[in-house]
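Dumped input-v5.csv below, it's CSV, C-alpha atoms:
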```
chain,number,residue,atom,x,y,z
A,275,TYR,CA,-4.9,16.9,26.4
A,276,ASN,CA,-8.1,15.0,25.5
A,277,LEU,CA,-9.0,13.0,22.4
A,278,LEU,CA,-12.6,12.2,23.0
A,279,ILE,CA,-14.6,9.6,21.2
A,280,HIS,CA,-18.1,10.4,19.9
A,281,THR,CA,-19.7,7.4,18.3
A,282,ARG,CA,-22.3,7.1,15.7
A,283,SER,CA,-24.5,4.1,14.9
A,284,LYS,CA,-23.1,1.2,13.0
A,285,LYS,CA,-23.8,1.4,9.3
A,286,LYS,CA,-23.2,-1.0,6.5
A,287,ILE,CA,-21.0,0.9,4.0
A,288,LEU,CA,-20.3,-2.1,1.9
A,289,GLU,CA,-22.7,-5.0,1.1
A,290,ASN,CA,-21.1,-7.7,3.2
A,291,PRO,CA,-23.2,-9.4,5.8
A,292,SER,CA,-20.2,-10.8,7.6
A,293,ARG,CA,-18.9,-7.3,8.4
A,294,ALA,CA,-20.3,-4.3,10.3
A,295,TYR,CA,-18.9,-0.8,10.6
A,296,CYS,CA,-18.6,1.7,13.5
A,297,PHE,CA,-17.5,5.3,13.4
A,298,PHE,CA,-15.6,7.3,16.0
A,299,ASP,CA,-15.8,11.1,15.6
A,300,LEU,CA,-12.7,12.5,17.3
A,301,GLN,CA,-12.6,15.7,19.3
A,302,ASP,CA,-9.3,17.3,20.4
A,303,GLY,CA,-10.1,20.3,22.6
A,304,ASP,CA,-12.3,22.5,20.4
A,305,GLU,CA,-11.1,20.8,17.2
A,306,TRP,CA,-12.8,18.0,15.4
A,307,PRO,CA,-9.9,16.5,13.4
A,308,GLY,CA,-12.0,13.7,11.7
A,309,SER,CA,-13.6,10.3,11.9
A,310,VAL,CA,-12.2,6.9,12.2
A,311,VAL,CA,-14.2,4.1,10.6
A,312,VAL,CA,-13.6,0.5,11.7
A,313,GLU,CA,-14.7,-2.6,10.0
A,314,LEU,CA,-15.7,-5.4,12.4
A,315,PHE,CA,-15.1,-9.1,11.6
A,316,LEU,CA,-18.5,-10.6,12.6
A,317,ASP,CA,-17.7,-13.8,10.9
A,318,ILE,CA,-14.5,-14.3,12.9
A,319,ALA,CA,-15.3,-12.9,16.3
A,320,PRO,CA,-19.0,-12.4,16.6
A,321,LYS,CA,-19.2,-12.3,20.5
A,322,THR,CA,-16.4,-9.7,20.7
A,323,CYS,CA,-17.9,-7.6,17.8
A,324,LYS,CA,-21.4,-7.7,19.5
A,325,ASN,CA,-19.9,-6.3,22.7
A,326,PHE,CA,-18.0,-3.5,20.8
A,327,ILE,CA,-21.1,-2.5,18.7
A,328,ALA,CA,-23.2,-2.4,21.9
A,329,LEU,CA,-20.7,-0.1,23.6
A,330,CYS,CA,-20.5,2.1,20.5
A,331,GLU,CA,-24.3,2.5,20.5
A,332,GLY,CA,-24.6,2.7,24.3
A,333,ILE,CA,-26.0,0.2,26.9
A,334,GLU,CA,-28.9,1.2,29.1
A,335,THR,CA,-28.2,0.3,32.7
A,336,LYS,CA,-30.8,-1.0,35.2
A,337,LYS,CA,-31.0,2.6,36.5
A,338,GLY,CA,-31.9,3.9,33.0
A,339,LYS,CA,-28.6,5.5,32.2
A,340,PHE,CA,-26.6,4.9,29.1
A,341,VAL,CA,-23.0,3.6,29.3
A,342,GLY,CA,-20.7,3.3,26.3
A,343,TYR,CA,-17.7,4.8,24.4
A,344,LYS,CA,-19.3,8.1,23.8
A,345,GLY,CA,-17.3,10.8,25.5
A,346,THR,CA,-14.5,8.5,26.6
A,347,CYS,CA,-10.8,9.3,25.9
A,348,ILE,CA,-8.0,7.7,24.0
A,349,ASP,CA,-6.0,7.4,27.2
A,350,ARG,CA,-2.8,5.7,26.0
A,351,ILE,CA,-0.5,6.1,23.1
A,352,VAL,CA,2.5,3.8,22.7
A,353,PRO,CA,4.6,5.3,19.9
A,354,GLN,CA,5.6,2.7,17.3
A,355,GLY,CA,2.9,0.5,18.8
A,356,PHE,CA,-0.8,1.3,19.4
A,357,ILE,CA,-3.4,3.6,20.9
A,358,GLN,CA,-5.7,2.4,23.6
A,359,GLY,CA,-9.2,3.7,24.6
A,360,GLY,CA,-12.6,2.7,25.7
A,361,SER,CA,-12.2,2.9,29.4
A,362,ILE,CA,-15.6,3.5,30.8
A,363,LYS,CA,-15.2,5.4,34.1
A,364,LYS,CA,-17.8,3.7,36.3
A,365,LYS,CA,-17.2,1.4,39.3
A,366,LYS,CA,-15.4,-0.9,36.9
A,367,ASN,CA,-15.1,-1.5,33.2
A,368,ARG,CA,-18.0,-3.1,31.5
A,369,SER,CA,-19.1,-5.5,28.8
A,370,ILE,CA,-22.5,-6.6,27.7
A,371,TYR,CA,-21.7,-10.0,29.3
A,372,GLY,CA,-21.7,-8.6,32.8
A,373,GLY,CA,-17.9,-8.2,33.2
A,374,GLU,CA,-14.9,-9.9,31.8
A,375,PHE,CA,-15.4,-12.4,28.9
A,376,ALA,CA,-13.2,-15.1,27.4
A,377,ASP,CA,-10.8,-14.7,24.5
A,378,GLU,CA,-12.8,-15.7,21.5
A,379,THR,CA,-10.2,-16.2,18.8
A,380,PHE,CA,-6.6,-15.4,17.9
A,381,SER,CA,-7.0,-15.9,14.1
A,382,VAL,CA,-6.5,-12.3,13.1
A,383,MET,CA,-2.8,-11.4,13.1
A,384,HIS,CA,-1.4,-8.0,14.0
A,385,ASP,CA,0.4,-7.7,10.7
A,386,GLN,CA,-0.7,-4.3,9.5
A,387,PRO,CA,-1.4,-0.8,11.0
A,388,GLY,CA,-5.0,-0.3,12.0
A,389,ILE,CA,-5.8,-3.6,13.6
A,390,LEU,CA,-8.6,-3.3,16.2
A,391,GLY,CA,-8.5,-5.5,19.2
A,392,MET,CA,-9.5,-5.9,22.8
A,393,ALA,CA,-7.2,-4.8,25.6
A,394,LYS,CA,-6.9,-7.0,28.6
A,395,ARG,CA,-6.3,-6.3,32.3
A,396,ASP,CA,-2.5,-6.5,32.6
A,397,GLY,CA,-2.4,-8.9,29.6
A,398,ILE,CA,-4.1,-11.6,31.6
A,399,PRO,CA,-6.0,-14.1,29.4
A,400,HIS,CA,-9.8,-14.0,29.3
A,401,THR,CA,-10.1,-10.5,30.8
A,402,ASN,CA,-11.8,-8.6,27.9
A,403,GLU,CA,-14.3,-6.0,28.8
A,404,CYS,CA,-14.6,-2.6,27.1
A,405,GLN,CA,-11.0,-1.3,26.5
A,406,PHE,CA,-9.7,-1.6,22.9
A,407,TYR,CA,-6.6,-0.8,21.0
A,408,ILE,CA,-5.7,0.1,17.4
A,409,THR,CA,-2.3,-0.8,16.1
A,410,LEU,CA,-0.3,2.1,14.7
A,411,THR,CA,2.6,0.1,13.2
A,412,ALA,CA,3.2,-3.5,12.1
A,413,PRO,CA,4.0,-6.2,12.7
A,414,LEU,CA,3.3,-6.4,16.4
A,415,THR,CA,3.9,-10.1,16.7
A,416,PHE,CA,3.9,-10.1,20.5
A,417,MET,CA,0.2,-9.5,20.3
A,418,ASN,CA,-0.5,-12.5,18.0
A,419,LYS,CA,-2.1,-15.4,20.0
A,420,ASN,CA,-2.3,-13.1,23.1
A,421,TYR,CA,-4.9,-10.4,22.2
A,422,VAL,CA,-8.2,-10.8,20.4
A,423,ALA,CA,-8.1,-8.8,17.1
A,424,PHE,CA,-11.6,-8.4,15.7
A,425,GLY,CA,-11.5,-5.6,13.1
A,426,ARG,CA,-9.5,-3.0,11.3
A,427,VAL,CA,-9.5,0.7,10.5
A,428,VAL,CA,-10.7,1.3,7.0
A,429,GLU,CA,-10.7,5.1,7.1
A,430,GLY,CA,-9.1,7.8,9.4
A,431,LEU,CA,-5.9,6.1,10.6
A,432,LYS,CA,-4.1,9.2,9.7
A,433,TYR,CA,-5.7,11.1,12.6
A,434,LEU,CA,-4.4,8.5,15.1
A,435,LYS,CA,-0.9,8.6,13.5
A,436,ILE,CA,-0.8,12.4,14.0
A,437,LYS,CA,-1.5,11.8,17.7
A,438,GLU,CA,1.3,9.2,17.7
A,439,ARG,CA,3.7,11.7,16.3
A,440,GLU,CA,2.7,14.3,18.9
A,441,ALA,CA,3.2,11.8,21.6
A,442,CYS,CA,6.7,11.0,20.3
A,443,LYS,CA,7.6,14.7,20.3
A,444,LYS,CA,6.4,15.0,24.0
A,445,ASP,CA,8.2,11.7,24.8
A,446,ILE,CA,5.1,10.3,26.5
A,447,GLN,CA,3.3,7.0,26.4
A,448,SER,CA,-0.1,8.2,27.6
A,449,PHE,CA,-2.1,11.3,28.0
A,450,LYS,CA,-5.5,12.5,29.2
```
Give the structure from this file in structure tokens form.
Amino acid sequence: YNLLIHTRSKKKILENPSRAYCFFDLQDGDEWPGSVVVELFLDIAPKTCKNFIALCEGIETKKGKFVGYKGTCIDRIVPQGFIQGGSIKKKKNRSIYGGEFADETFSVMHDQPGILGMAKRDGIPHTNECQFYITLTAPLTFMNKNYVAFGRVVEGLKYLKIKEREACKKDIQSFK
């Protein structure tokens, strides 16, 4: 069961220079259920947003190949919690900073569904790379002050909630 991400370039859909927007076009088998639009908080977490935008657009490697979120899967669904994706299947996960980078800020709280944040390796501080999560419920207070939230879903959360309900019916926490 795959839920693939197909990214499109960031676009400003509102006139606000402290925000950027990225789109995920979702694919589920042969179906295209819709798009998820995320608003990125450039004014709060510029380094984290810059990494996310670059991975949405694709990074050219030294060998001339592009690496990014396009074609990656939502590979974990925690019902009543969050979805996780962005695992780039190469030798290791990547960032534009050459590997893991430090937690930038904990000022955005996980107090509403649709919060976008960076996943960490086993929850270890300062291990941000490319994996991200989107909250499906709120509040998720255990994430506050532990995970860098840097944006929010402004459109399309309903598609992720459908996948959450399907995961609940199957009694699973992850799928591929």
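Restricting the calculation to all atoms listed in the file, the smallest distance between Arg439 of chain A and any of A:Ile318, A:Ala393, A:Ile351, A:Ile327 is found for A:Ile351.
Take the candidates A:Ile436, A:Ala294, A:Ile362, A:Val427 and check each one against Pro307 of chain A using all atoms listed in the file; the shortest distance goes to A:Ile436.
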> Smallest atom-to-atom distance to Pro413 of chain A: which of A:Gln354, A:Thr346, A:Gln301, A:Thr379, using all atoms listed in the file?
Replying inline: A:Gln354
Near-Thr411 of chain A list (7 Å; only C-alpha atoms; drop same-chain fewer than 3 positions) as an mmCIF file with C-alpha atoms, in the coordinates of the input:
```cif
data_model
loop_
_atom_site.group_PDB
_atom_site.id
_atom_site.type_symbol
_atom_site.label_atom_id
_atom_site.label_comp_id
_atom_site.auth_asym_id
_atom_site.auth_seq_id
_atom_site.Cartn_x
_atom_site.Cartn_y
_atom_site.Cartn_z
ATOM 1 C CA GLN A 354 5.600 2.700 17.300
ATOM 2 C CA GLY A 355 2.900 0.500 18.800
ATOM 3 C CA GLN A 386 -0.700 -4.300 9.500
ATOM 4 C CA PRO A 387 -1.400 -0.800 11.000
#
```
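Of the residues under consideration (A:Ser292, A:Asn420, A:Pro320, A:Val310), A:Val310 shows the shortest atom-to-atom contact distance to Lys435 of chain A when counting only C-alpha atoms.
For the pair atom CA of Arg395 of chain A and atom CA of Gly308 of chain A, the interatomic distance is 29.3 Å.
With all atoms listed in the file as the atoms that count, the residue of A:Gly338, A:Gly430, A:Gly359, A:Pro291 with the shortest distance to Gly391 of chain A is A:Gly359.
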>> List the spatial neighbours of Glu429 of chain A as a count of residues only - criterion: any atom at most 8 Å away, only C-alpha atoms, same-chain residues fewer than 3 positions off excluded.
In response: 4
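From atom CA of Met383 of chain A back to atom CA of Arg368 of chain A, the distance works out to 25.3 Å.
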>> So, with all atoms listed in the file as the atoms that count, which of A:Asp349, A:Asp396, A:Glu313, A:Glu334 lies closest to Ile370 of chain A?
In response: A:Glu334
>> Using all atoms listed in the file, list the residues that have an atom at most 10 Å from (-23.1, 2.4, 24.8), coordinates as in the file, as a list in words.
In response: Thr281, Asn325, Phe326, Ile327, Ala328, Leu329, Cys330, Glu331, Gly332, Ile333, Glu334, Thr335, Lys339, Phe340, Val341, Gly342, Tyr343, Lys344, Ile362, Ser369 and Ile370 of chain A
Keeping only C-alpha atoms, write the selected residues to a file as an mmCIF file, in the frame of the given file.
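For reference, out_6.cif as written:
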```cif
data_model
loop_
_atom_site.group_PDB
_atom_site.id
_atom_site.type_symbol
_atom_site.label_atom_id
_atom_site.label_comp_id
_atom_site.auth_asym_id
_atom_site.auth_seq_id
_atom_site.Cartn_x
_atom_site.Cartn_y
_atom_site.Cartn_z
ATOM 1 C CA THR A 281 -19.700 7.400 18.300
ATOM 2 C CA ASN A 325 -19.900 -6.300 22.700
ATOM 3 C CA PHE A 326 -18.000 -3.500 20.800
ATOM 4 C CA ILE A 327 -21.100 -2.500 18.700
ATOM 5 C CA ALA A 328 -23.200 -2.400 21.900
ATOM 6 C CA LEU A 329 -20.700 -0.100 23.600
ATOM 7 C CA CYS A 330 -20.500 2.100 20.500
ATOM 8 C CA GLU A 331 -24.300 2.500 20.500
ATOM 9 C CA GLY A 332 -24.600 2.700 24.300
ATOM 10 C CA ILE A 333 -26.000 0.200 26.900
ATOM 11 C CA GLU A 334 -28.900 1.200 29.100
ATOM 12 C CA THR A 335 -28.200 0.300 32.700
ATOM 13 C CA LYS A 339 -28.600 5.500 32.200
ATOM 14 C CA PHE A 340 -26.600 4.900 29.100
ATOM 15 C CA VAL A 341 -23.000 3.600 29.300
ATOM 16 C CA GLY A 342 -20.700 3.300 26.300
ATOM 17 C CA TYR A 343 -17.700 4.800 24.400
ATOM 18 C CA LYS A 344 -19.300 8.100 23.800
ATOM 19 C CA ILE A 362 -15.600 3.500 30.800
ATOM 20 C CA SER A 369 -19.100 -5.500 28.800
ATOM 21 C CA ILE A 370 -22.500 -6.600 27.700
#
```
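Interatomic distance, atom CA of Tyr371 of chain A against atom CA of Ile357 of chain A: 24.3 Å.
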